[in-house]
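entry_8.cif follows; it contains mmCIF, C-alpha atoms.
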data_upload
#
loop_
_atom_site.label_atom_id
_atom_site.label_comp_id
_atom_site.auth_asym_id
_atom_site.auth_seq_id
_atom_site.Cartn_x
_atom_site.Cartn_y
_atom_site.Cartn_z
CA LEU F 57 0.00 0.00 0.00
CA GLY F 58 2.83 2.35 0.65
CA LEU F 59 3.24 5.19 3.13
CA GLY F 60 0.71 7.45 1.35
CA ALA F 61 -2.12 4.92 1.79
CA VAL F 62 -1.33 4.56 5.46
CA LEU F 63 -1.63 8.35 5.95
CA VAL F 64 -5.00 8.47 4.10
CA GLY F 65 -6.30 5.59 6.15
CA CYS F 66 -5.41 7.40 9.34
CA HIS F 67 -7.36 10.53 8.32
CA GLY F 68 -10.46 8.91 6.73
CA ASP F 69 -11.36 9.87 3.15
CA LYS F 70 -9.54 13.18 3.22
CA ALA F 71 -5.85 13.65 2.89
CA PRO F 72 -4.38 16.01 5.49
CA GLU F 73 -4.60 19.63 4.46
CA SER F 74 -1.28 21.36 4.05
CA SER F 75 -0.92 24.54 6.03
CA THR F 76 -0.29 27.65 4.00
CA ASN F 77 0.30 29.84 7.07
CA ILE F 78 3.91 29.30 7.94
CA HIS F 79 4.94 31.59 10.76
CA ASN F 80 8.46 32.96 10.70
CA THR F 81 9.52 33.11 14.31
CA GLU F 82 12.29 35.41 15.43
CA PRO F 83 15.19 33.65 17.16
CA ALA F 84 15.14 34.03 20.92
CA TYR F 85 17.27 36.90 22.19
CA VAL F 86 20.41 35.69 23.93
CA PRO F 87 22.02 38.28 26.22
CA ASN F 88 25.81 38.44 26.41
CA MET F 89 26.19 38.81 30.15
CA LYS F 90 29.51 39.79 31.68
CA TYR F 91 30.46 42.07 34.58
CA GLY F 92 26.74 42.25 35.38
CA PHE F 93 25.93 43.91 32.03
CA ASP F 94 24.40 42.73 28.79
CA LEU F 95 27.30 43.63 26.51
CA ASN F 96 25.03 43.46 23.46
CA LYS F 97 23.56 46.78 24.58
CA TYR F 98 26.89 48.60 24.55
CA ILE F 99 29.78 49.35 22.29
CA VAL F 100 32.71 47.63 23.96
CA GLU F 101 36.28 48.85 23.63
CA GLU F 102 39.06 46.93 25.33
CA GLY F 103 42.78 46.99 25.91
CA GLU F 104 45.60 46.43 28.39
CA VAL F 105 47.22 48.88 30.76
CA GLN F 106 50.59 49.97 29.39
CA LYS F 107 53.76 50.51 31.39
CA ASN F 108 53.57 53.73 33.48
CA GLN F 109 50.06 54.40 32.15
CA VAL F 110 47.61 56.14 34.49
CA LEU F 111 43.81 56.22 34.51
CA SER F 112 43.51 59.59 32.82
CA GLU F 113 45.55 58.38 29.84
CA ILE F 114 43.07 55.54 29.33
CA LEU F 115 39.88 57.56 29.77
CA SER F 116 40.78 60.81 28.01
CA PRO F 117 40.78 59.36 24.45
CA PHE F 118 37.12 58.41 25.00
CA GLY F 119 36.21 62.02 25.78
CA VAL F 120 36.04 61.66 29.56
CA GLY F 121 36.80 65.08 31.01
CA ALA F 122 39.42 65.90 33.61
CA SER F 123 36.81 66.84 36.24
CA VAL F 124 35.06 63.47 35.86
CA ILE F 125 38.36 61.56 36.05
CA ASP F 126 39.32 63.49 39.19
CA ALA F 127 35.97 62.77 40.85
CA VAL F 128 36.18 59.08 39.96
CA ALA F 129 39.70 58.82 41.39
CA ARG F 130 38.86 60.69 44.63
CA ASN F 131 35.57 58.95 45.36
CA SER F 132 36.79 55.43 44.57
CA LYS F 133 39.67 55.31 47.04
CA GLU F 134 37.81 53.32 49.72
CA VAL F 135 37.01 50.59 47.18
CA PHE F 136 40.00 50.79 44.84
CA ASP F 137 42.86 53.26 44.60
CA VAL F 138 43.31 53.96 40.88
CA ARG F 139 47.03 54.54 41.48
CA LYS F 140 47.27 50.75 41.91
CA ILE F 141 46.39 50.09 38.28
CA ARG F 142 49.11 47.77 36.98
CA PRO F 143 50.62 47.11 33.52
CA ASN F 144 49.30 44.21 31.41
CA LYS F 145 45.96 44.15 33.22
CA LYS F 146 42.88 44.12 30.98
CA TRP F 147 40.33 46.91 30.85
CA ARG F 148 37.06 47.50 29.01
CA MET F 149 35.09 50.61 28.26
CA LEU F 150 31.32 50.32 27.79
CA LEU F 151 29.82 53.09 25.66
CA THR F 152 26.14 53.80 25.11
CA ARG F 153 24.93 54.45 21.57
CA ALA F 154 23.54 57.89 20.80
CA GLU F 155 22.75 59.91 17.67
CA THR F 156 25.15 62.61 18.78
CA GLY F 157 27.95 60.13 19.44
CA ASN F 158 28.84 57.25 21.71
CA THR F 159 28.97 58.15 25.39
CA PRO F 160 31.34 56.48 27.92
CA ALA F 161 29.20 54.80 30.57
CA TYR F 162 31.34 52.31 32.49
CA PHE F 163 35.05 51.62 32.81
CA ILE F 164 36.00 48.11 33.97
CA TYR F 165 39.44 47.18 35.29
CA GLU F 166 40.33 43.50 35.76
CA SER F 167 42.63 43.33 38.78
CA THR F 168 42.89 39.53 38.62
CA ARG F 169 41.44 36.78 36.45
CA LYS F 170 38.61 36.44 38.98
CA ASN F 171 38.07 39.97 40.27
CA TYR F 172 37.30 43.28 38.59
CA PHE F 173 36.28 46.84 39.46
CA VAL F 174 33.49 48.76 37.74
CA PHE F 175 33.63 52.55 37.54
CA ASP F 176 30.33 54.28 36.78
CA LEU F 177 31.28 57.41 34.85
CA ASN F 178 27.84 58.94 35.42
CA GLU F 179 27.56 58.30 39.17
CA LEU F 180 30.42 60.27 40.64
CA GLU F 181 29.45 60.18 44.34
CA GLU F 182 30.02 56.42 44.65
CA PRO F 183 31.44 55.48 41.27
CA CYS F 184 33.22 52.20 42.02
CA TYR F 185 32.33 48.70 43.12
CA LYS F 186 34.06 45.33 43.08
CA GLY F 187 32.79 42.33 41.14
CA THR F 188 33.78 38.68 40.85
CA HIS F 189 33.40 36.50 37.78
CA PRO F 190 31.35 33.34 38.35
CA THR F 191 33.56 30.26 38.30
CA GLN F 192 33.00 26.63 37.50
CA LYS F 193 34.65 23.66 39.14
CA GLU F 194 36.05 21.18 36.65
CA ILE F 195 37.58 17.78 37.27
CA LYS F 196 40.46 17.02 34.93
CA PHE F 197 42.65 14.01 34.28
CA VAL F 198 46.23 13.94 32.99
CA GLU F 199 48.81 11.21 32.58
CA GLY F 200 52.35 11.07 31.29
CA VAL F 201 55.64 9.23 31.12
CA ILE F 202 58.65 11.18 32.34
CA ASN F 203 61.50 11.57 29.85
CA SER F 204 63.25 14.60 31.33
CA SER F 205 61.56 16.17 34.36
CA LEU F 206 58.15 16.07 36.03
CA TYR F 207 57.75 19.82 35.40
CA GLN F 208 58.41 19.45 31.67
CA THR F 209 56.18 16.38 31.35
CA LEU F 210 53.26 18.15 33.04
CA GLU F 211 53.73 21.09 30.67
CA ASN F 212 53.77 18.73 27.69
CA VAL F 213 50.40 17.20 28.67
CA GLY F 214 48.81 20.62 29.28
CA ALA F 215 48.65 20.48 33.08
CA PRO F 216 49.27 23.56 35.27
CA HIS F 217 52.85 23.95 36.47
CA SER F 218 51.71 24.26 40.07
CA LEU F 219 50.61 20.62 39.94
CA THR F 220 54.32 19.78 40.26
CA MET F 221 54.45 21.25 43.77
CA GLU F 222 51.14 19.62 44.71
CA MET F 223 52.50 16.20 43.74
CA ALA F 224 55.87 16.82 45.42
CA SER F 225 54.08 17.75 48.65
CA LEU F 226 51.77 14.76 48.39
CA TYR F 227 54.65 12.28 48.06
CA ALA F 228 57.17 14.17 50.21
CA TRP F 229 57.70 11.17 52.53
CA THR F 230 57.65 8.41 49.91
CA ILE F 231 59.33 9.66 46.72
CA ASP F 232 62.53 11.65 46.28
CA PHE F 233 61.61 13.86 43.33
CA TYR F 234 65.28 14.70 42.78
CA ARG F 235 65.82 11.04 41.86
CA ILE F 236 62.94 10.51 39.47
CA GLN F 237 63.99 8.12 36.74
CA GLN F 238 63.27 8.06 33.04
CA ASP F 239 60.11 6.08 32.25
CA ASP F 240 58.58 6.85 35.64
CA GLY F 241 54.99 7.93 35.08
CA PHE F 242 51.84 9.31 36.64
CA GLN F 243 48.08 9.56 36.41
CA VAL F 244 46.40 12.45 38.22
CA LEU F 245 42.78 13.38 38.79
CA TYR F 246 42.47 16.99 39.99
CA GLU F 247 39.93 19.75 40.47
CA VAL F 248 40.34 23.35 39.37
CA GLU F 249 38.18 26.47 39.12
CA THR F 250 37.76 27.90 35.62
CA ILE F 251 36.38 31.01 33.95
CA ASP F 252 35.58 30.71 30.24
CA GLY F 253 37.59 27.49 30.18
CA GLN F 254 40.72 29.07 31.71
CA ASN F 255 42.16 27.89 35.04
CA VAL F 256 41.88 30.55 37.75
CA SER F 257 42.80 28.56 40.85
CA GLU F 258 45.48 26.22 42.08
CA PRO F 259 44.78 22.55 41.29
CA LYS F 260 43.50 20.30 44.06
CA VAL F 261 44.62 16.70 43.67
CA LEU F 262 41.76 14.23 44.13
CA ALA F 263 43.65 11.04 43.31
CA CYS F 264 47.08 10.17 42.00
CA ASP F 265 48.99 7.11 40.86
CA PHE F 266 52.74 7.66 40.57
CA TYR F 267 54.86 4.87 39.07
CA HIS F 268 58.43 4.93 40.41
CA LYS F 269 61.11 2.22 40.76
CA ASP F 270 58.78 -0.48 39.45
CA ARG F 271 56.14 0.37 42.03
CA ASN F 272 52.81 2.20 41.99
CA PHE F 273 52.29 4.82 44.70
CA LEU F 274 48.55 5.47 45.04
CA ALA F 275 47.00 8.39 46.90
CA TYR F 276 43.34 9.29 47.39
CA SER F 277 42.06 12.50 48.98
CA PHE F 278 39.63 12.28 51.88
CA LYS F 279 38.06 15.06 53.93
CA LYS F 280 38.39 14.41 57.65
CA ASP F 281 37.48 16.89 60.39
CA GLY F 282 37.42 19.69 57.83
CA ARG F 283 40.89 18.84 56.54
CA ILE F 284 41.96 17.13 53.32
CA GLU F 285 44.18 14.11 53.94
CA PHE F 286 45.53 11.46 51.58
CA TYR F 287 45.47 7.72 51.94
CA ASP F 288 46.80 4.81 49.93
CA GLU F 289 44.70 1.88 48.69
CA GLU F 290 44.95 0.25 52.12
CA GLY F 291 43.85 3.36 54.00
CA GLY F 292 47.30 4.11 55.33
#
Rendering of file as C-alpha cells:
Amino acid sequence: LGLGAVLVGCHGDKAPESSTNIHNTEPAYVPNMKYGFDLNKYIVEEGEVQKNQVLSEILSPFGVGASVIDAVARNSKEVFDVRKIRPNKKWRMLLTRAETGNTPAYFIYESTRKNYFVFDLNELEEPCYKGTHPTQKEIKFVEGVINSSLYQTLENVGAPHSLTMEMASLYAWTIDFYRIQQDDGFQVLYEVETIDGQNVSEPKVLACDFYHKDRNFLAYSFKKDGRIEFYDEEGG
C-alpha cells in the first residue's frame, strides 16, 4: 500500500490539508552577560594597561573630562585606589549608543582573572564597586611518562605547572623527586576552578597514581574533620 495509503487511512477519506500559514519566528534573544551587564547593549572597547600608564591616559581618548576623572579617582579610594592600576591588566570601556555620538558609561578594570572593578562614569558620588566572575569547578585528568623532568612532562600534557608542587608535597615522605627516573609515570585526577575554560585557581589533587622504581604509589584524597588528607589503597 505504501506510506501514502497509510496516511490516508489514518485521516479517513480526506488527505491532510497542508498549512499555508507558515509563521516565521524570530530567534530568541540571547544576552551576552559579563560584569553584570548585557554587553550586546553597549559598544565595547578593550585593551591592556601599558607601562607607566595612568587612569587619565586611558579615559581621556574616550572624551572623559578631567573633572570626571578626578571625581572618579577621589571617590573610589575606599574601594579601589586607581594609582594601583598595573601594567598588562585588561580593561574594558562600555559606551552607550547615541545619535550625537557614543557616550562612555562604564570603565571596567580587571585586577585579577577572577576579580574586577566597575567605575560608573555617570555616578560620581560612589562610582566604584568590586565584582567577581562566576567560576565553574572542573575535574580534569592527565597522565604522562617522564623523559626529562616532572615539570616538563606536566607542561607537555597541558597540566598547570603548580601541579608539580602539589604532587611533590603529596609524596614528600615516599618519593625523592630529585631522583625521578626516566620512564617513571603518573596519572592524576584533579579539580580546578575555571572562567571561560581558563584555570583561575590552584589545582586540588583528588587522586594520584605515581609509578616509580617499578612500584605504583597510590593516593586518594579524603576530607576528615574539615581537613583534606591522603590515603593509599589500604587506608594508610
The PyMOL selection byres ((chain F and resi 199-211) around 9) applied to the shown file, residues as a VMD selection string: chain F and resid 197 to 198 212 to 220 233 236 to 245
Selection above as a file: C-alpha atoms, as a tab-separated table (two decimals), in the coordinates of the input:
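The result, stored in part.tsv:
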chain	number	residue	atom	x	y	z
F	197	PHE	CA	42.65	14.01	34.28
F	198	VAL	CA	46.23	13.94	32.99
F	212	ASN	CA	53.77	18.73	27.69
F	213	VAL	CA	50.40	17.20	28.67
F	214	GLY	CA	48.81	20.62	29.28
F	215	ALA	CA	48.65	20.48	33.08
F	216	PRO	CA	49.27	23.56	35.27
F	217	HIS	CA	52.85	23.95	36.47
F	218	SER	CA	51.71	24.26	40.07
F	219	LEU	CA	50.61	20.62	39.94
F	220	THR	CA	54.32	19.78	40.26
F	233	PHE	CA	61.61	13.86	43.33
F	236	ILE	CA	62.94	10.51	39.47
F	237	GLN	CA	63.99	8.12	36.74
F	238	GLN	CA	63.27	8.06	33.04
F	239	ASP	CA	60.11	6.08	32.25
F	240	ASP	CA	58.58	6.85	35.64
F	241	GLY	CA	54.99	7.93	35.08
F	242	PHE	CA	51.84	9.31	36.64
F	243	GLN	CA	48.08	9.56	36.41
F	244	VAL	CA	46.40	12.45	38.22
F	245	LEU	CA	42.78	13.38	38.79
Expansion of the PyMOL selection byres ((chain F and resi 179-196) around 9) into residues, as a ChimeraX atom specification: /F:90-92,124,127-129,131-133,135-136,169-178,197-198,244-253,256,262
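What separates atom CA of Phe273 of chain F from atom CA of Asp288 of chain F is a distance of 7.6 Å.
Across F:Ile125, F:Glu134, F:Gln106, F:Val100, the tightest approach to Leu150 of chain F is made by F:Val100 when counting all atoms listed in the file.
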Which of F:Glu82, F:Glu155, F:Glu166, F:Glu289 sits closest to Glu102 of chain F [using all atoms listed in the file]: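 Once distances to Glu102 of chain F are computed over all atoms listed in the file, the minimum belongs to F:Glu166.
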Shortest interatomic distance to Glu101 of chain F - which of F:Pro160, F:Pro143, F:Pro83, F:Gly121, counting only C-alpha atoms: F:Pro160
Interatomic distance (Å, one decimal) between atom CA of Ala122 of chain F and atom CA of Asn96 of chain F: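 Atom-to-atom, atom CA of Ala122 of chain F to atom CA of Asn96 of chain F, that is 28.5 Å.
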Using only C-alpha atoms: which of F:Met89, F:Ala161, F:Leu151, F:Val138 has the shortest distance to Asp126 of chain F: F:Val138
Å distance separating atom CA of Thr159 of chain F from atom CA of Val120 of chain F, one decimal place: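 Those two atoms sit 8.9 Å apart.
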Nearest to Met149 of chain F, chosen from F:Asn108, F:Ala224, F:Leu95, F:Arg130, with only C-alpha atoms counted in the distances: F:Leu95
Shell around Ile114 of chain F at 10 Å using only C-alpha atoms, local window under 2 positions removed, as a list in words: Gly103, Glu104, Val105, Gln106, Gln109, Val110, Leu111, Ser112, Ser116, Pro117, Phe118, Val120, Trp147, Met149 and Phe163 of chain F
Could those residues be written to a file, using C-alpha atoms, as an mmCIF file, keeping the file's coordinate frame?
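What ended up in again12.cif:
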data_model
loop_
_atom_site.group_PDB
_atom_site.id
_atom_site.type_symbol
_atom_site.label_atom_id
_atom_site.label_comp_id
_atom_site.auth_asym_id
_atom_site.auth_seq_id
_atom_site.Cartn_x
_atom_site.Cartn_y
_atom_site.Cartn_z
ATOM 1 C CA GLY F 103 42.780 46.990 25.910
ATOM 2 C CA GLU F 104 45.600 46.430 28.390
ATOM 3 C CA VAL F 105 47.220 48.880 30.760
ATOM 4 C CA GLN F 106 50.590 49.970 29.390
ATOM 5 C CA GLN F 109 50.060 54.400 32.150
ATOM 6 C CA VAL F 110 47.610 56.140 34.490
ATOM 7 C CA LEU F 111 43.810 56.220 34.510
ATOM 8 C CA SER F 112 43.510 59.590 32.820
ATOM 9 C CA SER F 116 40.780 60.810 28.010
ATOM 10 C CA PRO F 117 40.780 59.360 24.450
ATOM 11 C CA PHE F 118 37.120 58.410 25.000
ATOM 12 C CA VAL F 120 36.040 61.660 29.560
ATOM 13 C CA TRP F 147 40.330 46.910 30.850
ATOM 14 C CA MET F 149 35.090 50.610 28.260
ATOM 15 C CA PHE F 163 35.050 51.620 32.810
#
